[in-house]
file protein04.tsv (TSV, C-alpha atoms)
chain	number	residue	atom	x	y	z
A	230	SER	CA	5.74	-1.97	20.51
A	231	ASP	CA	5.88	-5.66	21.31
A	232	LEU	CA	6.20	-8.22	18.51
A	233	ASN	CA	3.86	-10.59	20.37
A	234	THR	CA	1.09	-7.99	20.27
A	235	THR	CA	1.56	-6.93	16.63
A	236	VAL	CA	-1.49	-7.79	14.49
A	237	ALA	CA	-1.62	-7.67	10.68
A	238	LEU	CA	-4.23	-7.86	7.94
A	239	LEU	CA	-2.56	-8.89	4.68
A	240	VAL	CA	-4.55	-8.81	1.43
A	241	GLY	CA	-3.25	-10.04	-1.95
A	242	ILE	CA	-5.62	-10.24	-4.92
A	243	GLU	CA	-4.41	-11.71	-8.21
A	244	SER	CA	-7.66	-13.18	-9.56
A	245	TYR	CA	-10.83	-11.06	-9.89
A	246	GLN	CA	-14.38	-12.01	-10.86
A	247	THR	CA	-14.26	-9.27	-13.51
A	248	GLY	CA	-12.29	-11.70	-15.68
A	249	ARG	CA	-8.80	-12.59	-16.82
A	250	ASP	CA	-8.05	-9.09	-18.11
A	251	TRP	CA	-7.71	-8.09	-14.47
A	252	ASN	CA	-5.30	-10.88	-13.47
A	253	LEU	CA	-2.18	-9.76	-11.63
A	254	ASN	CA	0.80	-12.03	-11.06
A	255	GLY	CA	2.37	-10.95	-7.77
A	256	PRO	CA	0.07	-9.66	-4.99
A	257	ALA	CA	-0.45	-13.08	-3.37
A	258	ALA	CA	3.28	-13.82	-3.58
A	259	ASP	CA	3.92	-10.42	-1.97
A	260	VAL	CA	1.58	-11.36	0.90
A	261	VAL	CA	3.72	-14.48	1.42
A	262	ARG	CA	6.82	-12.28	1.59
A	263	MET	CA	5.16	-9.86	4.03
A	264	ALA	CA	3.97	-12.76	6.22
A	265	GLN	CA	7.42	-14.36	6.25
A	266	TRP	CA	9.09	-11.05	7.05
A	267	LEU	CA	6.72	-10.50	9.99
A	268	THR	CA	7.13	-14.01	11.42
A	269	ASN	CA	10.92	-13.83	10.93
A	270	GLN	CA	10.88	-10.69	13.09
A	271	GLY	CA	9.01	-12.64	15.78
A	272	VAL	CA	5.33	-11.85	15.16
A	273	PRO	CA	3.28	-15.00	15.99
A	274	PRO	CA	1.74	-16.55	12.82
A	275	GLU	CA	-1.67	-16.63	14.53
A	276	ASN	CA	-1.61	-12.80	14.67
A	277	LEU	CA	-1.74	-12.61	10.87
A	278	HIS	CA	-5.10	-12.32	9.11
A	279	ILE	CA	-4.43	-13.29	5.48
A	280	CYS	CA	-6.94	-12.73	2.67
A	281	ILE	CA	-5.82	-13.93	-0.76
A	282	SER	CA	-7.21	-14.64	-4.21
A	283	PRO	CA	-4.22	-16.26	-5.92
A	284	LEU	CA	-3.89	-17.32	-9.56
A	285	LYS	CA	-2.67	-20.71	-8.32
A	286	PRO	CA	-2.45	-22.39	-4.87
A	287	ILE	CA	0.43	-21.28	-2.65
A	288	GLU	CA	1.93	-24.10	-0.57
A	289	SER	CA	4.02	-21.85	1.66
A	290	LEU	CA	0.89	-20.31	3.20
A	291	ARG	CA	-0.20	-23.59	4.80
A	292	GLU	CA	1.23	-22.59	8.17
A	293	TYR	CA	-0.99	-19.48	8.26
A	294	HIS	CA	-4.72	-18.98	8.65
A	295	CYS	CA	-5.92	-17.83	5.22
A	296	VAL	CA	-9.33	-16.93	3.83
A	297	GLY	CA	-10.49	-15.58	0.46
A	298	ALA	CA	-10.42	-11.93	-0.56
A	299	ASN	CA	-14.07	-11.35	-1.40
A	300	GLN	CA	-15.91	-8.48	0.29
A	301	GLU	CA	-17.45	-10.76	2.92
A	302	ASP	CA	-14.11	-12.44	3.73
A	303	ILE	CA	-12.24	-9.18	4.27
A	304	LEU	CA	-15.03	-7.50	6.25
A	305	ASN	CA	-15.22	-10.60	8.49
A	306	GLU	CA	-11.48	-10.36	9.21
A	307	LEU	CA	-11.78	-6.63	9.95
A	308	GLY	CA	-14.60	-7.51	12.36
A	309	LYS	CA	-12.32	-9.95	14.21
A	310	ILE	CA	-9.52	-7.39	14.39
A	311	ARG	CA	-11.87	-4.78	15.82
A	312	GLY	CA	-12.19	-6.82	18.99
A	313	GLN	CA	-8.43	-7.20	19.47
A	314	SER	CA	-5.78	-5.12	21.17
A	315	ALA	CA	-2.48	-4.58	19.39
A	316	SER	CA	0.55	-2.47	20.16
A	317	LEU	CA	0.97	-2.21	16.37
A	318	PHE	CA	-1.57	-2.91	13.61
A	319	ILE	CA	-0.26	-3.44	10.06
A	320	PHE	CA	-2.52	-3.30	7.00
A	321	TYR	CA	-1.14	-4.43	3.64
A	322	TRP	CA	-3.10	-4.52	0.37
A	323	GLY	CA	-1.81	-5.57	-3.04
A	324	GLY	CA	-4.14	-5.60	-6.05
A	325	HIS	CA	-6.23	-3.17	-8.09
A	326	GLY	CA	-7.34	0.22	-6.81
A	327	TRP	CA	-8.60	3.53	-8.11
A	328	VAL	CA	-9.34	7.07	-7.00
A	329	GLU	CA	-12.59	9.02	-7.05
A	330	SER	CA	-12.60	12.52	-8.52
A	331	ALA	CA	-12.64	13.97	-4.97
A	332	GLY	CA	-9.44	12.05	-4.18
A	333	ASP	CA	-10.83	9.18	-2.08
A	334	ARG	CA	-8.98	5.93	-2.63
A	335	ARG	CA	-10.93	2.71	-3.23
A	336	LEU	CA	-9.56	-0.85	-3.20
A	337	PHE	CA	-11.30	-3.55	-5.27
A	338	TYR	CA	-12.38	-6.78	-3.55
A	339	ALA	CA	-11.82	-10.05	-5.45
A	340	ASP	CA	-15.56	-10.34	-6.16
A	341	ALA	CA	-15.73	-6.92	-7.86
A	342	GLN	CA	-17.42	-7.19	-11.25
A	343	VAL	CA	-18.68	-4.90	-13.97
A	344	THR	CA	-22.22	-4.98	-12.57
A	345	ASP	CA	-21.06	-4.52	-8.98
A	346	TRP	CA	-17.75	-2.71	-8.33
A	347	ARG	CA	-17.34	-4.01	-4.77
A	348	ASN	CA	-14.67	-2.02	-3.00
A	349	LEU	CA	-13.20	-0.95	0.31
A	350	ASP	CA	-13.35	2.81	0.84
A	351	PHE	CA	-9.82	3.25	2.18
A	352	ASN	CA	-10.25	6.84	3.36
A	353	ASP	CA	-13.33	5.77	5.32
A	354	LEU	CA	-11.34	2.90	6.89
A	355	LEU	CA	-8.69	5.36	8.12
A	356	VAL	CA	-11.36	7.53	9.77
A	357	THR	CA	-13.05	4.47	11.28
A	358	MET	CA	-9.79	3.24	12.78
A	359	ARG	CA	-9.33	6.60	14.50
A	360	THR	CA	-12.48	6.05	16.59
A	361	ASP	CA	-12.99	4.37	19.95
A	362	LEU	CA	-14.01	1.15	18.17
A	363	TYR	CA	-10.26	0.63	17.64
A	364	GLN	CA	-8.99	2.10	20.88
A	365	GLY	CA	-6.92	-1.05	21.46
A	366	MET	CA	-4.76	-0.19	18.43
A	367	PRO	CA	-2.85	3.03	19.21
A	368	LYS	CA	-0.27	2.61	16.38
A	369	GLN	CA	-1.34	1.73	12.85
A	370	LEU	CA	0.71	1.26	9.67
A	371	PHE	CA	-1.02	1.02	6.26
A	372	ILE	CA	0.75	-0.10	3.06
A	373	VAL	CA	-1.22	0.16	-0.20
A	374	ASP	CA	0.41	-1.26	-3.34
A	375	THR	CA	-2.31	-0.51	-5.89
A	376	CYS	CA	-2.85	1.91	-8.75
A	377	ALA	CA	-4.28	5.32	-7.88
A	378	ASN	CA	-5.58	6.28	-11.30
A	379	TYR	CA	-8.94	8.04	-11.54
A	380	ALA	CA	-12.18	6.09	-11.86
A	381	GLN	CA	-13.97	7.98	-14.64
A	382	ASN	CA	-13.17	5.23	-17.14
A	383	LEU	CA	-15.35	2.79	-15.17
A	384	GLY	CA	-18.35	4.62	-16.59
A	385	ILE	CA	-20.27	4.50	-13.31
A	386	ARG	CA	-20.06	5.98	-9.86
A	387	PRO	CA	-18.71	3.17	-7.66
A	388	PRO	CA	-20.81	2.11	-4.65
A	389	ARG	CA	-19.73	3.39	-1.27
A	390	ASN	CA	-19.91	1.16	1.79
A	391	GLU	CA	-18.94	2.83	5.04
A	392	GLN	CA	-17.51	0.84	7.94
A	393	ALA	CA	-19.21	0.74	11.31
A	394	ARG	CA	-17.34	3.22	13.48
A	395	GLY	CA	-17.21	4.26	17.11
A	396	GLU	CA	-18.99	7.28	18.49
A	397	HIS	CA	-15.88	9.16	19.54
A	398	PRO	CA	-12.71	10.07	17.63
A	399	ILE	CA	-9.48	9.22	19.45
A	400	VAL	CA	-5.81	9.90	18.82
A	401	ASN	CA	-4.55	6.74	17.13
A	402	GLU	CA	-1.24	7.26	15.34
A	403	GLN	CA	-1.51	6.36	11.65
A	404	PHE	CA	1.26	6.12	9.05
A	405	VAL	CA	0.34	5.36	5.43
A	406	LEU	CA	2.61	4.28	2.58
A	407	PHE	CA	1.11	4.49	-0.93
A	408	ALA	CA	2.69	2.95	-4.04
A	409	GLY	CA	1.73	6.06	-6.02
A	410	LYS	CA	0.43	9.58	-5.71
A	411	LEU	CA	-3.09	10.42	-6.91
A	412	GLY	CA	-3.37	9.66	-10.62
A	413	ASP	CA	-0.48	7.16	-10.71
A	414	ARG	CA	-0.50	3.62	-12.04
A	415	ALA	CA	1.56	1.26	-9.90
A	416	THR	CA	3.95	-1.10	-11.68
A	417	ASN	CA	3.43	-4.85	-11.23
A	418	LEU	CA	6.39	-7.03	-12.24
A	419	ASN	CA	4.69	-10.17	-13.57
A	420	ALA	CA	7.94	-11.96	-14.35
A	421	GLU	CA	9.17	-11.46	-10.78
A	422	GLN	CA	5.70	-12.01	-9.26
A	423	THR	CA	5.85	-8.83	-7.20
A	424	GLY	CA	4.68	-5.25	-7.09
A	425	LEU	CA	7.61	-2.89	-7.71
A	426	TYR	CA	6.73	-0.86	-4.62
A	427	THR	CA	6.48	-3.94	-2.36
A	428	ARG	CA	9.79	-5.27	-3.71
A	429	GLU	CA	11.55	-2.03	-2.83
A	430	LEU	CA	9.77	-1.76	0.52
A	431	LEU	CA	10.76	-5.29	1.58
A	432	GLN	CA	14.37	-4.48	0.68
A	433	GLU	CA	14.24	-1.48	2.99
A	434	LEU	CA	12.53	-3.48	5.75
A	435	GLY	CA	15.18	-6.19	5.43
A	436	GLN	CA	17.87	-3.59	6.07
A	437	SER	CA	16.16	-2.09	9.12
A	438	GLN	CA	17.39	-3.93	12.18
A	439	GLY	CA	16.86	-3.29	15.87
A	440	ALA	CA	13.86	-1.67	17.53
A	441	TRP	CA	10.30	-2.68	16.76
A	442	PRO	CA	8.47	-1.23	14.96
A	443	PRO	CA	10.86	-0.24	12.15
A	444	ASP	CA	11.51	3.47	11.61
A	445	VAL	CA	8.79	3.94	8.99
A	446	LYS	CA	9.54	7.63	8.47
A	447	ALA	CA	13.17	6.86	7.55
A	448	ILE	CA	12.04	3.97	5.31
A	449	SER	CA	9.52	6.26	3.60
A	450	GLU	CA	12.19	8.88	2.88
A	451	SER	CA	14.58	6.24	1.55
A	452	LEU	CA	11.84	4.82	-0.70
A	453	ALA	CA	11.02	8.28	-2.06
A	454	SER	CA	14.68	8.72	-2.99
A	455	ARG	CA	14.78	5.24	-4.57
A	456	PHE	CA	11.73	5.97	-6.75
A	457	ILE	CA	13.26	9.22	-7.96
A	458	ASP	CA	16.17	7.09	-9.21
A	459	LEU	CA	13.84	4.52	-10.80
A	460	ARG	CA	11.88	7.28	-12.58
A	461	ASN	CA	15.10	8.87	-13.82
A	462	GLN	CA	16.11	5.47	-15.25
A	463	GLY	CA	12.73	5.22	-17.03
A	464	LEU	CA	11.82	2.07	-15.05
A	465	THR	CA	8.58	3.44	-13.58
A	466	GLN	CA	6.43	6.56	-13.53
A	467	GLN	CA	5.03	6.11	-10.02
call {"tool": "encode", "arguments": {"input": "protein04.tsv", "output": "structure tokens"}}
result
Amino acid sequence: SDLNTTVALLVGIESYQTGRDWNLNGPAADVVRMAQWLTNQGVPPENLHICISPLKPIESLREYHCVGANQEDILNELGKIRGQSASLFIFYWGGHGWVESAGDRRLFYADAQVTDWRNLDFNDLLVTMRTDLYQGMPKQLFIVDTCANYAQNLGIRPPRNEQARGEHPIVNEQFVLFAGKLGDRATNLNAEQTGLYTRELLQELGQSQGAWPPDVKAISESLASRFIDLRNQGLTQQ
């Protein structure tokens, strides 16, 4: 895959309309780190679609095109991406997420609120991106650094909004990295302004030199081993 034709959607949500109880200190900073890692590899800054809802303004993102992380913002960026061709598409999302009883993962938009749990149906997105609407994106990497605990405690059945999809399924190659298995809470390190999973992932990415894209399967195996160590040390349960 060519670095010049790599396209990324990077989402980092620290501030939610649900209120301060939901604040996270780290996802927007992690988007900065992901953006800098990509551009350091040689991906053009204009190929990055960045959606953030930070707790405070981030100066280092000035060189990138950034929008908010409300439902409309993110769906608009996905609409732009749909018309592009990319040898590699990278999706990164840091923030709050949950899982339906059937196992479908949902990711909260920044404008989610108690009366309207706006969310991206992640499983639906994967299916959508395996249709001819995204035939220009044969290789896709998804990184989700959110909790995957079950949604019953919300007290309602969250709304489901399906993406527009093509008529025909195609064979796009998808690789997905989740911060936790179903039922897990992902650790956010407020003091370090990072998600634990993203911190460890970026360390692995920093060590992977050479061919593009990085060997995600090897990175995934190394991360799994690393998290066994972290669990054994009592530093996380994910």
call {"tool": "closest_atom_pairs", "arguments": {"input": "protein04.tsv", "of": "range 330-374 of chain A", "to": "range 234-253 of chain A", "cutoff": "10 Å", "atoms": "all atoms listed in the file", "output": "Markdown table"}}
result
| residue | atom | partner | partner_atom | distance |
| --- | --- | --- | --- | --- |
| A:Phe337 | CA | A:Ile242 | CA | 8.8 |
| A:Tyr338 | CA | A:Ile242 | CA | 7.7 |
| A:Ala339 | CA | A:Tyr245 | CA | 4.7 |
| A:Asp340 | CA | A:Gln246 | CA | 5.1 |
| A:Ala341 | CA | A:Gln246 | CA | 6.1 |
| A:Gln342 | CA | A:Thr247 | CA | 4.4 |
| A:Val343 | CA | A:Thr247 | CA | 6.2 |
| A:Thr344 | CA | A:Thr247 | CA | 9.1 |
| A:Asp345 | CA | A:Thr247 | CA | 9.5 |
| A:Trp346 | CA | A:Thr247 | CA | 9.1 |
| A:Met366 | CA | A:Val236 | CA | 9.2 |
| A:Lys368 | CA | A:Thr235 | CA | 9.7 |
| A:Gln369 | CA | A:Ala237 | CA | 9.7 |
| A:Leu370 | CA | A:Ala237 | CA | 9.3 |
| A:Phe371 | CA | A:Leu238 | CA | 9.6 |
| A:Ile372 | CA | A:Leu239 | CA | 9.5 |
| A:Val373 | CA | A:Val240 | CA | 9.7 |
| A:Asp374 | CA | A:Gly241 | CA | 9.6 |
call {"tool": "residues_around", "arguments": {"input": "protein04.tsv", "residues": "Trp441 in chain A", "least_positions_apart": "4", "cutoff": "12 Å", "atoms": "all atoms listed in the file", "output": "VMD selection string"}}
result
chain A and resid 230 to 235 267 270 to 272 316 to 317 368 434 437 445
call {"tool": "closest_residue", "arguments": {"input": "protein04.tsv", "among": "A:Arg334, A:His325, A:Arg394, A:Lys285", "to": "Leu362 in chain A", "atoms": "all atoms listed in the file"}}
result
A:Arg394
call {"tool": "atom_distance", "arguments": {"input": "protein04.tsv", "atom1": "CA of Asn401 in chain A", "atom2": "CA of Pro273 in chain A"}}
result
23.1 Å
call {"tool": "residues_around", "arguments": {"input": "protein04.tsv", "residues": "Cys295 in chain A", "least_positions_apart": "6", "cutoff": "10 Å", "atoms": "all atoms listed in the file", "output": "list of chain:residue names"}}
result
A:Leu239, A:Val240, A:Leu277, A:His278, A:Ile279, A:Cys280, A:Ile281, A:Asp302
call {"tool": "atom_distance", "arguments": {"input": "protein04.tsv", "atom1": "CA of Ser282 in chain A", "atom2": "CA of Leu452 in chain A"}}
result
27.5 Å
call {"tool": "residues_near_point", "arguments": {"input": "protein04.tsv", "point": "(-1.4, 2.4, -2.7)", "cutoff": "10 Å", "atoms": "only C-alpha atoms", "output": "JSON, numbers by chain"}}
result
{"A": [321, 322, 323, 324, 325, 326, 327, 334, 335, 336, 351, 371, 372, 373, 374, 375, 376, 377, 405, 406, 407, 408, 409, 410, 411, 413, 414, 415, 426]}
call {"tool": "closest_residue", "arguments": {"input": "protein04.tsv", "among": "A:Glu301, A:Glu329, A:Glu275, A:Glu288", "to": "Ala258 in chain A", "atoms": "all atoms listed in the file"}}
result
A:Glu288
call {"tool": "atom_distance", "arguments": {"input": "protein04.tsv", "atom1": "CA of Phe404 in chain A", "atom2": "CA of Pro442 in chain A"}}
result
11.9 Å
call {"tool": "axis_aligned_box", "arguments": {"input": "protein04.tsv", "around": "range 253-271 of chain A", "padding_each_side": "8 Å", "output": "AutoDock Vina command-line options"}}
result
--center_x 4.4 --center_y -12.1 --center_z 2.1 --size_x 29.1 --size_y 20.8 --size_z 43.4
call {"tool": "closest_residue", "arguments": {"input": "protein04.tsv", "among": "A:Val328, A:Ala315, A:Val400, A:Ile287", "to": "Leu355 in chain A", "atoms": "all atoms listed in the file"}}
result
A:Val400
call {"tool": "residues_near_point", "arguments": {"input": "protein04.tsv", "point": "(-11.7, -14.8, 15.5)", "cutoff": "12 Å", "atoms": "only C-alpha atoms", "output": "list in words"}}
result
Glu275, Asn276, Leu277, His278, His294, Asn305, Glu306, Leu307, Gly308, Lys309, Ile310, Arg311, Gly312 and Gln313 of chain A
call {"tool": "closest_residue", "arguments": {"input": "protein04.tsv", "among": "A:Leu284, A:Ala447, A:Leu418, A:Leu349", "to": "Gln300 in chain A", "atoms": "all atoms listed in the file"}}
result
A:Leu349
